[in-house]
>>> print(open('start_31.pdb').read())   # PDB, C-alpha atoms, pLDDT in the B column
ATOM      1  CA  MET F  29       0.000   0.000   0.000  1.00 95.00           C
ATOM      2  CA  TYR F  30       1.319   3.438  -0.908  1.00 96.00           C
ATOM      3  CA  ILE F  31       1.598   5.490   2.281  1.00 97.00           C
ATOM      4  CA  PRO F  32       3.118   8.983   2.313  1.00 96.00           C
ATOM      5  CA  ASP F  33       4.969   9.596   5.589  1.00 97.00           C
ATOM      6  CA  LEU F  34       2.368  12.145   6.686  1.00 96.00           C
ATOM      7  CA  TYR F  35      -0.355   9.483   6.699  1.00 97.00           C
ATOM      8  CA  LYS F  36       1.642   6.542   8.059  1.00 97.00           C
ATOM      9  CA  ASN F  37       0.263   5.129  11.290  1.00 96.00           C
ATOM     10  CA  LYS F  38       3.138   3.823  13.429  1.00 94.00           C
ATOM     11  CA  ASP F  39       1.209   3.532  16.696  1.00 95.00           C
ATOM     12  CA  LYS F  40       1.084  -0.240  17.291  1.00 95.00           C
ATOM     13  CA  GLU F  41      -1.524  -0.029  20.027  1.00 95.00           C
ATOM     14  CA  ALA F  42      -3.748   2.216  17.890  1.00 95.00           C
ATOM     15  CA  ILE F  43      -3.435  -0.270  15.035  1.00 97.00           C
ATOM     16  CA  ARG F  44      -4.466  -3.149  17.307  1.00 96.00           C
ATOM     17  CA  THR F  45      -7.465  -1.145  18.515  1.00 96.00           C
ATOM     18  CA  PHE F  46      -8.402  -0.406  14.895  1.00 97.00           C
ATOM     19  CA  LEU F  47      -8.195  -4.083  13.934  1.00 97.00           C
ATOM     20  CA  LYS F  48     -10.375  -5.169  16.835  1.00 95.00           C
ATOM     21  CA  ALA F  49     -12.980  -2.522  15.952  1.00 95.00           C
ATOM     22  CA  ASN F  50     -12.885  -3.208  12.195  1.00 97.00           C
ATOM     23  CA  ALA F  51     -12.337  -6.959  12.131  1.00 97.00           C
ATOM     24  CA  PHE F  52     -14.494  -7.672   9.076  1.00 98.00           C
ATOM     25  CA  GLY F  53     -11.768  -7.795   6.451  1.00 98.00           C
ATOM     26  CA  ILE F  54     -10.887  -9.103   3.004  1.00 98.00           C
ATOM     27  CA  LEU F  55      -8.629 -12.147   2.674  1.00 98.00           C
ATOM     28  CA  ILE F  56      -6.685 -12.130  -0.603  1.00 97.00           C
ATOM     29  CA  ASN F  57      -4.463 -14.779  -2.191  1.00 96.00           C
ATOM     30  CA  GLN F  58      -3.699 -16.528  -5.462  1.00 94.00           C
ATOM     31  CA  THR F  59      -6.126 -19.375  -6.095  1.00 94.00           C
ATOM     32  CA  ASN F  60      -6.038 -21.477  -9.250  1.00 91.00           C
ATOM     33  CA  GLY F  61      -3.922 -18.888 -11.027  1.00 91.00           C
ATOM     34  CA  LYS F  62      -6.069 -15.853 -10.248  1.00 94.00           C
ATOM     35  CA  LEU F  63      -6.473 -13.357  -7.436  1.00 96.00           C
ATOM     36  CA  TRP F  64      -9.174 -14.415  -4.996  1.00 97.00           C
ATOM     37  CA  ALA F  65     -10.818 -12.406  -2.228  1.00 98.00           C
ATOM     38  CA  THR F  66     -13.234 -13.386   0.536  1.00 98.00           C
ATOM     39  CA  HIS F  67     -15.007 -11.019   2.941  1.00 98.00           C
ATOM     40  CA  ILE F  68     -14.846 -12.508   6.446  1.00 98.00           C
ATOM     41  CA  PRO F  69     -14.198 -11.617  10.082  1.00 98.00           C
ATOM     42  CA  LEU F  70     -10.495 -11.928  10.895  1.00 98.00           C
ATOM     43  CA  GLU F  71      -9.734 -11.676  14.597  1.00 97.00           C
ATOM     44  CA  LEU F  72      -6.387 -10.469  15.921  1.00 96.00           C
ATOM     45  CA  GLU F  73      -5.042 -12.781  18.637  1.00 94.00           C
ATOM     46  CA  ILE F  74      -1.827 -13.863  20.349  1.00 92.00           C
ATOM     47  CA  ASN F  75      -0.886 -17.530  19.914  1.00 90.00           C
ATOM     48  CA  LYS F  76       0.788 -19.796  22.476  1.00 87.00           C
ATOM     49  CA  ASP F  77       4.211 -18.660  21.246  1.00 90.00           C
ATOM     50  CA  GLY F  78       3.384 -14.999  21.881  1.00 92.00           C
ATOM     51  CA  GLU F  79       3.064 -14.204  18.165  1.00 94.00           C
ATOM     52  CA  GLU F  80       0.363 -12.015  16.670  1.00 96.00           C
ATOM     53  CA  ILE F  81      -1.978 -13.936  14.395  1.00 96.00           C
ATOM     54  CA  LEU F  82      -5.267 -13.469  12.592  1.00 97.00           C
ATOM     55  CA  MET F  83      -7.844 -16.215  13.086  1.00 97.00           C
ATOM     56  CA  GLY F  84     -10.659 -16.949  10.669  1.00 97.00           C
ATOM     57  CA  HIS F  85     -12.584 -19.556   8.728  1.00 97.00           C
ATOM     58  CA  ILE F  86     -14.259 -19.989   5.360  1.00 97.00           C
ATOM     59  CA  SER F  87     -16.653 -22.464   3.815  1.00 97.00           C
ATOM     60  CA  LYS F  88     -15.192 -25.655   2.359  1.00 96.00           C
ATOM     61  CA  GLU F  89     -17.208 -24.873  -0.746  1.00 97.00           C
ATOM     62  CA  ASN F  90     -15.060 -21.754  -1.227  1.00 97.00           C
ATOM     63  CA  PRO F  91     -12.097 -22.868  -3.406  1.00 96.00           C
ATOM     64  CA  GLN F  92      -9.824 -20.245  -1.851  1.00 96.00           C
ATOM     65  CA  TRP F  93      -8.797 -22.617   0.919  1.00 96.00           C
ATOM     66  CA  THR F  94      -7.314 -25.116  -1.544  1.00 94.00           C
ATOM     67  CA  ALA F  95      -4.390 -22.718  -2.051  1.00 94.00           C
ATOM     68  CA  PHE F  96      -3.610 -22.240   1.640  1.00 92.00           C
ATOM     69  CA  GLU F  97      -0.961 -24.964   1.705  1.00 84.00           C
ATOM     70  CA  SER F  98       0.757 -24.318  -1.627  1.00 75.00           C
ATOM     71  CA  ASP F  99       0.520 -20.513  -1.602  1.00 66.00           C
ATOM     72  CA  ASP F 100       1.130 -19.684   2.046  1.00 82.00           C
ATOM     73  CA  GLN F 101       1.484 -15.889   1.858  1.00 91.00           C
ATOM     74  CA  VAL F 102      -1.757 -13.937   1.978  1.00 97.00           C
ATOM     75  CA  LEU F 103      -2.931 -10.357   2.323  1.00 98.00           C
ATOM     76  CA  ALA F 104      -5.679  -9.247   4.696  1.00 98.00           C
ATOM     77  CA  VAL F 105      -7.225  -5.813   4.151  1.00 98.00           C
ATOM     78  CA  PHE F 106      -9.177  -3.863   6.760  1.00 98.00           C
ATOM     79  CA  THR F 107     -10.910  -0.513   6.335  1.00 98.00           C
ATOM     80  CA  GLY F 108     -12.450   1.954   8.753  1.00 97.00           C
ATOM     81  CA  PRO F 109     -14.711   4.991   8.282  1.00 96.00           C
ATOM     82  CA  HIS F 110     -14.221   6.971   5.070  1.00 98.00           C
ATOM     83  CA  ALA F 111     -15.643  10.149   3.603  1.00 98.00           C
ATOM     84  CA  TYR F 112     -15.505  12.411   0.562  1.00 98.00           C
ATOM     85  CA  ILE F 113     -13.846  15.757   1.290  1.00 98.00           C
ATOM     86  CA  SER F 114     -15.075  18.625  -0.880  1.00 98.00           C
ATOM     87  CA  SER F 115     -12.517  21.280  -1.709  1.00 96.00           C
ATOM     88  CA  SER F 116     -15.353  23.830  -1.368  1.00 97.00           C
ATOM     89  CA  TRP F 117     -14.781  23.456   2.376  1.00 97.00           C
ATOM     90  CA  TYR F 118     -11.346  25.092   2.126  1.00 96.00           C
ATOM     91  CA  ASP F 119     -10.614  28.808   2.208  1.00 95.00           C
ATOM     92  CA  HIS F 120      -8.538  28.391  -0.964  1.00 95.00           C
ATOM     93  CA  GLU F 121      -8.783  26.620  -4.301  1.00 94.00           C
ATOM     94  CA  ASN F 122      -7.745  22.975  -4.302  1.00 94.00           C
ATOM     95  CA  VAL F 123      -8.919  19.538  -5.421  1.00 96.00           C
ATOM     96  CA  PRO F 124     -11.414  17.268  -3.633  1.00 97.00           C
ATOM     97  CA  THR F 125     -10.073  14.173  -1.871  1.00 98.00           C
ATOM     98  CA  TRP F 126     -11.081  11.274   0.353  1.00 98.00           C
ATOM     99  CA  ASN F 127     -10.328  10.667   4.027  1.00 98.00           C
ATOM    100  CA  TYR F 128     -10.012   7.095   5.274  1.00 98.00           C
ATOM    101  CA  SER F 129      -8.178   4.617   7.467  1.00 97.00           C
ATOM    102  CA  ALA F 130      -6.878   1.252   6.287  1.00 98.00           C
ATOM    103  CA  VAL F 131      -4.606  -1.539   7.480  1.00 98.00           C
ATOM    104  CA  HIS F 132      -2.961  -4.182   5.298  1.00 98.00           C
ATOM    105  CA  ILE F 133      -1.516  -7.300   6.900  1.00 98.00           C
ATOM    106  CA  TYR F 134       0.811  -9.703   5.114  1.00 97.00           C
ATOM    107  CA  GLY F 135       1.409 -13.096   6.639  1.00 97.00           C
ATOM    108  CA  LYS F 136       1.750 -16.838   6.295  1.00 95.00           C
ATOM    109  CA  ILE F 137      -1.433 -18.868   6.490  1.00 96.00           C
ATOM    110  CA  LYS F 138      -1.944 -22.380   7.772  1.00 94.00           C
ATOM    111  CA  ILE F 139      -5.003 -24.542   8.273  1.00 95.00           C
ATOM    112  CA  VAL F 140      -5.917 -25.406  11.883  1.00 93.00           C
ATOM    113  CA  GLU F 141      -7.959 -28.368  13.047  1.00 93.00           C
ATOM    114  CA  GLY F 142      -9.426 -30.004  16.131  1.00 91.00           C
ATOM    115  CA  ASP F 143      -9.927 -28.054  19.341  1.00 90.00           C
ATOM    116  CA  ALA F 144      -8.373 -24.926  17.806  1.00 91.00           C
ATOM    117  CA  VAL F 145     -11.367 -24.660  15.461  1.00 93.00           C
ATOM    118  CA  ILE F 146     -13.892 -24.705  18.295  1.00 94.00           C
ATOM    119  CA  ASP F 147     -11.778 -22.280  20.344  1.00 93.00           C
ATOM    120  CA  SER F 148     -11.716 -19.865  17.417  1.00 93.00           C
ATOM    121  CA  LEU F 149     -15.475 -20.102  16.857  1.00 95.00           C
ATOM    122  CA  THR F 150     -16.141 -19.678  20.577  1.00 95.00           C
ATOM    123  CA  LYS F 151     -14.088 -16.474  20.775  1.00 94.00           C
ATOM    124  CA  LEU F 152     -15.752 -15.104  17.642  1.00 95.00           C
ATOM    125  CA  VAL F 153     -19.292 -15.797  18.837  1.00 96.00           C
ATOM    126  CA  ASP F 154     -18.602 -14.519  22.358  1.00 95.00           C
ATOM    127  CA  LYS F 155     -17.248 -11.241  20.965  1.00 94.00           C
ATOM    128  CA  TYR F 156     -20.288 -10.491  18.852  1.00 94.00           C
ATOM    129  CA  GLU F 157     -22.915 -11.903  21.212  1.00 95.00           C
ATOM    130  CA  GLN F 158     -21.796  -9.922  24.259  1.00 93.00           C
ATOM    131  CA  ASN F 159     -24.376  -7.180  23.703  1.00 91.00           C
ATOM    132  CA  SER F 160     -27.237  -9.496  22.769  1.00 93.00           C
ATOM    133  CA  LYS F 161     -30.269  -9.740  25.050  1.00 93.00           C
ATOM    134  CA  CYS F 162     -30.141 -13.519  24.836  1.00 92.00           C
ATOM    135  CA  PRO F 163     -26.545 -14.354  23.855  1.00 95.00           C
ATOM    136  CA  ILE F 164     -25.856 -17.774  22.411  1.00 94.00           C
ATOM    137  CA  ARG F 165     -22.806 -19.813  23.380  1.00 94.00           C
ATOM    138  CA  VAL F 166     -21.032 -22.328  21.198  1.00 94.00           C
ATOM    139  CA  ALA F 167     -20.820 -24.688  24.174  1.00 93.00           C
ATOM    140  CA  ASP F 168     -24.633 -24.744  24.386  1.00 93.00           C
ATOM    141  CA  LEU F 169     -25.247 -25.672  20.749  1.00 92.00           C
ATOM    142  CA  SER F 170     -26.495 -29.175  19.982  1.00 95.00           C
ATOM    143  CA  LYS F 171     -24.337 -31.861  18.385  1.00 92.00           C
ATOM    144  CA  LYS F 172     -26.563 -31.652  15.312  1.00 95.00           C
ATOM    145  CA  THR F 173     -25.886 -27.919  14.930  1.00 95.00           C
ATOM    146  CA  MET F 174     -22.166 -28.328  15.615  1.00 94.00           C
ATOM    147  CA  MET F 175     -22.014 -30.850  12.767  1.00 93.00           C
ATOM    148  CA  GLN F 176     -22.024 -27.790  10.513  1.00 93.00           C
ATOM    149  CA  THR F 177     -18.436 -27.077  11.571  1.00 93.00           C
ATOM    150  CA  ARG F 178     -17.462 -29.917   9.251  1.00 93.00           C
ATOM    151  CA  GLY F 179     -18.291 -27.573   6.417  1.00 95.00           C
ATOM    152  CA  ILE F 180     -15.675 -24.953   7.259  1.00 96.00           C
ATOM    153  CA  VAL F 181     -11.912 -24.603   7.013  1.00 96.00           C
ATOM    154  CA  ALA F 182     -10.344 -22.723   9.932  1.00 96.00           C
ATOM    155  CA  PHE F 183      -6.971 -21.062   9.640  1.00 96.00           C
ATOM    156  CA  GLU F 184      -4.505 -18.739  11.288  1.00 96.00           C
ATOM    157  CA  ILE F 185      -2.287 -16.134   9.669  1.00 96.00           C
ATOM    158  CA  LYS F 186       1.060 -15.404  11.286  1.00 96.00           C
ATOM    159  CA  VAL F 187       1.489 -11.635  11.008  1.00 96.00           C
ATOM    160  CA  GLU F 188       4.703 -10.767   9.167  1.00 96.00           C
ATOM    161  CA  GLU F 189       4.135  -7.176   8.065  1.00 97.00           C
ATOM    162  CA  ILE F 190       1.610  -4.481   8.939  1.00 97.00           C
ATOM    163  CA  GLN F 191       1.017  -1.407   6.788  1.00 98.00           C
ATOM    164  CA  ALA F 192      -1.303   1.170   8.322  1.00 98.00           C
ATOM    165  CA  LYS F 193      -2.607   4.356   6.729  1.00 98.00           C
ATOM    166  CA  ASN F 194      -4.616   7.084   8.420  1.00 97.00           C
ATOM    167  CA  LYS F 195      -5.412   9.836   5.909  1.00 98.00           C
ATOM    168  CA  MET F 196      -7.369  12.443   7.852  1.00 98.00           C
ATOM    169  CA  SER F 197      -6.513  15.873   6.386  1.00 98.00           C
ATOM    170  CA  GLN F 198      -3.280  16.125   8.376  1.00 97.00           C
ATOM    171  CA  ASN F 199      -1.985  18.461   5.663  1.00 96.00           C
ATOM    172  CA  ARG F 200      -4.565  21.167   6.471  1.00 96.00           C
ATOM    173  CA  ASP F 201      -4.085  24.091   8.838  1.00 96.00           C
ATOM    174  CA  ASN F 202      -6.229  24.353  11.963  1.00 96.00           C
ATOM    175  CA  LYS F 203      -8.804  26.645  10.350  1.00 97.00           C
ATOM    176  CA  ASN F 204      -9.480  24.411   7.355  1.00 97.00           C
ATOM    177  CA  TYR F 205      -9.206  21.270   9.492  1.00 97.00           C
ATOM    178  CA  ALA F 206     -11.949  22.534  11.809  1.00 97.00           C
ATOM    179  CA  ASN F 207     -14.134  23.481   8.850  1.00 97.00           C
ATOM    180  CA  ILE F 208     -13.797  20.015   7.336  1.00 98.00           C
ATOM    181  CA  ILE F 209     -14.994  18.509  10.622  1.00 98.00           C
ATOM    182  CA  SER F 210     -17.935  20.903  10.730  1.00 97.00           C
ATOM    183  CA  GLU F 211     -18.985  20.139   7.155  1.00 98.00           C
ATOM    184  CA  LEU F 212     -18.688  16.378   7.690  1.00 98.00           C
ATOM    185  CA  GLU F 213     -20.928  16.621  10.748  1.00 97.00           C
ATOM    186  CA  LYS F 214     -23.548  18.511   8.737  1.00 97.00           C
ATOM    187  CA  THR F 215     -23.932  15.604   6.300  1.00 96.00           C
ATOM    188  CA  GLU F 216     -25.457  13.411   9.047  1.00 91.00           C
ATOM    189  CA  ASN F 217     -23.954  10.485   7.149  1.00 96.00           C
ATOM    190  CA  PRO F 218     -22.694   7.878   9.665  1.00 97.00           C
ATOM    191  CA  GLN F 219     -19.422   7.321   7.794  1.00 97.00           C
ATOM    192  CA  SER F 220     -18.736  11.031   7.434  1.00 98.00           C
ATOM    193  CA  MET F 221     -19.599  11.699  11.059  1.00 97.00           C
ATOM    194  CA  ALA F 222     -17.268   8.894  12.152  1.00 97.00           C
ATOM    195  CA  VAL F 223     -14.452  10.509  10.168  1.00 98.00           C
ATOM    196  CA  ALA F 224     -15.276  13.864  11.753  1.00 98.00           C
ATOM    197  CA  LYS F 225     -15.075  12.285  15.207  1.00 96.00           C
ATOM    198  CA  GLU F 226     -11.734  10.690  14.456  1.00 95.00           C
ATOM    199  CA  MET F 227     -10.365  13.968  13.115  1.00 97.00           C
ATOM    200  CA  ALA F 228     -11.595  15.833  16.198  1.00 96.00           C
ATOM    201  CA  ASN F 229      -9.910  13.324  18.511  1.00 93.00           C
ATOM    202  CA  SER F 230      -6.658  13.483  16.567  1.00 90.00           C
ATOM    203  CA  ARG F 231      -6.160  17.227  16.812  1.00 85.00           C
ATOM    204  CA  LYS F 232      -7.368  18.719  20.087  1.00 74.00           C
TER     205      LYS F 232
END
>>> encode(input="start_31.pdb", output="structure tokens")
Amino acid sequence: MYIPDLYKNKDKEAIRTFLKANAFGILINQTNGKLWATHIPLELEINKDGEEILMGHISKENPQWTAFESDDQVLAVFTGPHAYISSSWYDHENVPTWNYSAVHIYGKIKIVEGDAVIDSLTKLVDKYEQNSKCPIRVADLSKKTMMQTRGIVAFEIKVEEIQAKNKMSQNRDNKNYANIISELEKTENPQSMAVAKEMANSRK
């Protein structure tokens, strides 16, 4: 990913927080001679060796998994809030642009089996059920329902490289920066308002 120095995010803890909040990513690899991408939750975890990994699973009917053993390097892409920035919001002539946050993770993938599959599913369900009125638990599911796990391929990706970009109008002076935030808030668009909030928190 092309990242000018001004927009490079080097804050490891901020990157981890971003990944946990925006865990629905895109897994990309070469499958049967062509680029293949699958949209799935990819959860950042620490393995038993203290290494950062991404955990996930896909359907066995998805041919992407057939390349996991022969083509072990993959790319996972994560995006956060984004918004169009009109140059009419500046006090000078310029071109429109787009504000956004993104993280790319390169790593080696391997298939996991057995208890590791259930552990991964349990953590995933617990994370997203925690605010439910009647949360379900993997441990409470019937054997018949759990038979469906035979139809997935679970995997882990050992994180080798992280590229993080946070393009949030850092190149604007305080006056124009504040005006961009104000105009984004006026749109009442959830994505734009999320960008405005991030910008406001970044420059106080």
>>> axis_aligned_box(input="start_31.pdb", around="region 154-172 of chain F", padding_each_side="3 Å", output="lines of an AutoDock Vina configuration file")
center_x = -23.8
center_y = -19.5
center_z = 20.2
size_x = 19.0
size_y = 30.7
size_z = 15.7
>>> residues_around(input="start_31.pdb", residues="Glu184 (chain F)", least_positions_apart="3", cutoff="7 Å", atoms="all atoms listed in the file", output="PDB file with C-alpha atoms, in the frame of the given file")
ATOM      1  CA  ILE F  81      -1.978 -13.936  14.395  1.00 96.00           C
ATOM      2  CA  LEU F  82      -5.267 -13.469  12.592  1.00 97.00           C
ATOM      3  CA  MET F  83      -7.844 -16.215  13.086  1.00 97.00           C
ATOM      4  CA  GLY F  84     -10.659 -16.949  10.669  1.00 97.00           C
ATOM      5  CA  ILE F 137      -1.433 -18.868   6.490  1.00 96.00           C
ATOM      6  CA  LYS F 138      -1.944 -22.380   7.772  1.00 94.00           C
ATOM      7  CA  ILE F 139      -5.003 -24.542   8.273  1.00 95.00           C
ATOM      8  CA  VAL F 140      -5.917 -25.406  11.883  1.00 93.00           C
TER       9      VAL F 140
END
>>> atom_distance(input="start_31.pdb", atom1="CA of Val153 (chain F)", atom2="CA of Val102 (chain F)")
24.4 Å
>>> resolve_selection(input="start_31.pdb", expression="the PyMOL selection byres ((chain F and resi 192-195) around 7)", output="list of chain:residue names")
F:Ile31, F:Tyr35, F:Lys36, F:Asn37, F:Asn127, F:Tyr128, F:Ser129, F:Ala130, F:Val131, F:His132, F:Ile190, F:Gln191, F:Met196, F:Ser197
>>> atom_distance(input="start_31.pdb", atom1="CA of Tyr30 (chain F)", atom2="CA of Gly61 (chain F)")
25.1 Å
>>> resolve_selection(input="start_31.pdb", expression="the PyMOL selection byres ((chain F and resi 114) around 10)", output="list in words")
Ala111, Tyr112, Ile113, Ser115, Ser116, Trp117, Tyr118, Asn122, Val123, Pro124, Thr125, Trp126, Ile208, Glu211 and Leu212 of chain F
>>> build_atoms(input="start_31.pdb", residues="region 35-45 of chain F", atoms="all heavy atoms", output="mmCIF file, in the frame of the given file")
data_model
loop_
_atom_site.group_PDB
_atom_site.id
_atom_site.type_symbol
_atom_site.label_atom_id
_atom_site.label_comp_id
_atom_site.auth_asym_id
_atom_site.auth_seq_id
_atom_site.Cartn_x
_atom_site.Cartn_y
_atom_site.Cartn_z
ATOM 1 N N TYR F 35 0.835 10.280 6.393
ATOM 2 C CA TYR F 35 -0.355 9.483 6.699
ATOM 3 C C TYR F 35 -0.023 8.102 7.282
ATOM 4 O O TYR F 35 -0.913 7.285 7.482
ATOM 5 C CB TYR F 35 -1.197 9.298 5.438
ATOM 6 C CG TYR F 35 -1.593 10.586 4.772
ATOM 7 C CD1 TYR F 35 -1.458 10.757 3.391
ATOM 8 C CD2 TYR F 35 -2.088 11.647 5.515
ATOM 9 C CE1 TYR F 35 -1.821 11.941 2.778
ATOM 10 C CE2 TYR F 35 -2.449 12.845 4.909
ATOM 11 C CZ TYR F 35 -2.304 12.985 3.542
ATOM 12 O OH TYR F 35 -2.657 14.174 2.947
ATOM 13 N N LYS F 36 1.245 7.847 7.549
ATOM 14 C CA LYS F 36 1.642 6.542 8.059
ATOM 15 C C LYS F 36 1.322 6.427 9.544
ATOM 16 O O LYS F 36 1.706 7.268 10.353
ATOM 17 C CB LYS F 36 3.136 6.324 7.830
ATOM 18 C CG LYS F 36 3.616 4.913 8.142
ATOM 19 C CD LYS F 36 5.075 4.732 7.741
ATOM 20 C CE LYS F 36 5.246 4.807 6.238
ATOM 21 N NZ LYS F 36 6.646 4.519 5.837
ATOM 22 N N ASN F 37 0.599 5.378 9.888
ATOM 23 C CA ASN F 37 0.263 5.129 11.290
ATOM 24 C C ASN F 37 1.289 4.160 11.871
ATOM 25 O O ASN F 37 1.353 2.999 11.483
ATOM 26 C CB ASN F 37 -1.143 4.545 11.396
ATOM 27 C CG ASN F 37 -1.600 4.364 12.833
ATOM 28 O OD1 ASN F 37 -0.849 4.614 13.768
ATOM 29 N ND2 ASN F 37 -2.835 3.928 13.012
ATOM 30 N N LYS F 38 2.087 4.639 12.823
ATOM 31 C CA LYS F 38 3.138 3.823 13.429
ATOM 32 C C LYS F 38 2.800 3.417 14.864
ATOM 33 O O LYS F 38 3.601 2.750 15.519
ATOM 34 C CB LYS F 38 4.462 4.581 13.409
ATOM 35 C CG LYS F 38 4.941 4.955 12.015
ATOM 36 C CD LYS F 38 6.235 5.756 12.080
ATOM 37 C CE LYS F 38 6.699 6.185 10.689
ATOM 38 N NZ LYS F 38 7.951 6.989 10.755
ATOM 39 N N ASP F 39 1.627 3.811 15.325
ATOM 40 C CA ASP F 39 1.209 3.532 16.696
ATOM 41 C C ASP F 39 0.658 2.103 16.773
ATOM 42 O O ASP F 39 -0.476 1.837 16.381
ATOM 43 C CB ASP F 39 0.141 4.540 17.125
ATOM 44 C CG ASP F 39 -0.245 4.421 18.587
ATOM 45 O OD1 ASP F 39 -0.103 3.317 19.158
ATOM 46 O OD2 ASP F 39 -0.713 5.421 19.153
ATOM 47 N N LYS F 40 1.468 1.171 17.294
ATOM 48 C CA LYS F 40 1.084 -0.240 17.291
ATOM 49 C C LYS F 40 -0.192 -0.496 18.089
ATOM 50 O O LYS F 40 -1.035 -1.302 17.693
ATOM 51 C CB LYS F 40 2.234 -1.090 17.844
ATOM 52 C CG LYS F 40 3.449 -1.123 16.923
ATOM 53 C CD LYS F 40 4.528 -2.030 17.490
ATOM 54 C CE LYS F 40 5.732 -2.094 16.545
ATOM 55 N NZ LYS F 40 6.801 -2.971 17.080
ATOM 56 N N GLU F 41 -0.341 0.190 19.208
ATOM 57 C CA GLU F 41 -1.524 -0.029 20.027
ATOM 58 C C GLU F 41 -2.771 0.503 19.322
ATOM 59 O O GLU F 41 -3.848 -0.106 19.375
ATOM 60 C CB GLU F 41 -1.367 0.643 21.390
ATOM 61 C CG GLU F 41 -2.366 0.182 22.426
ATOM 62 C CD GLU F 41 -2.389 -1.325 22.612
ATOM 63 O OE1 GLU F 41 -1.312 -1.951 22.662
ATOM 64 O OE2 GLU F 41 -3.500 -1.900 22.694
ATOM 65 N N ALA F 42 -2.627 1.651 18.645
ATOM 66 C CA ALA F 42 -3.748 2.216 17.890
ATOM 67 C C ALA F 42 -4.144 1.293 16.741
ATOM 68 O O ALA F 42 -5.326 1.141 16.426
ATOM 69 C CB ALA F 42 -3.380 3.600 17.358
ATOM 70 N N ILE F 43 -3.160 0.662 16.127
ATOM 71 C CA ILE F 43 -3.435 -0.270 15.035
ATOM 72 C C ILE F 43 -4.193 -1.486 15.558
ATOM 73 O O ILE F 43 -5.159 -1.951 14.946
ATOM 74 C CB ILE F 43 -2.128 -0.705 14.338
ATOM 75 C CG1 ILE F 43 -1.492 0.496 13.635
ATOM 76 C CG2 ILE F 43 -2.396 -1.834 13.339
ATOM 77 C CD1 ILE F 43 -0.091 0.235 13.112
ATOM 78 N N ARG F 44 -3.771 -2.004 16.711
ATOM 79 C CA ARG F 44 -4.466 -3.149 17.307
ATOM 80 C C ARG F 44 -5.917 -2.790 17.638
ATOM 81 O O ARG F 44 -6.832 -3.580 17.406
ATOM 82 C CB ARG F 44 -3.735 -3.604 18.568
ATOM 83 C CG ARG F 44 -2.386 -4.252 18.313
ATOM 84 C CD ARG F 44 -1.826 -4.862 19.586
ATOM 85 N NE ARG F 44 -0.467 -5.368 19.373
ATOM 86 C CZ ARG F 44 0.631 -4.702 19.707
ATOM 87 N NH1 ARG F 44 0.539 -3.512 20.272
ATOM 88 N NH2 ARG F 44 1.823 -5.223 19.478
ATOM 89 N N THR F 45 -6.112 -1.608 18.188
ATOM 90 C CA THR F 45 -7.465 -1.145 18.515
ATOM 91 C C THR F 45 -8.312 -1.046 17.250
ATOM 92 O O THR F 45 -9.482 -1.449 17.230
ATOM 93 C CB THR F 45 -7.415 0.227 19.221
ATOM 94 O OG1 THR F 45 -6.672 0.089 20.438
ATOM 95 C CG2 THR F 45 -8.808 0.733 19.540
#
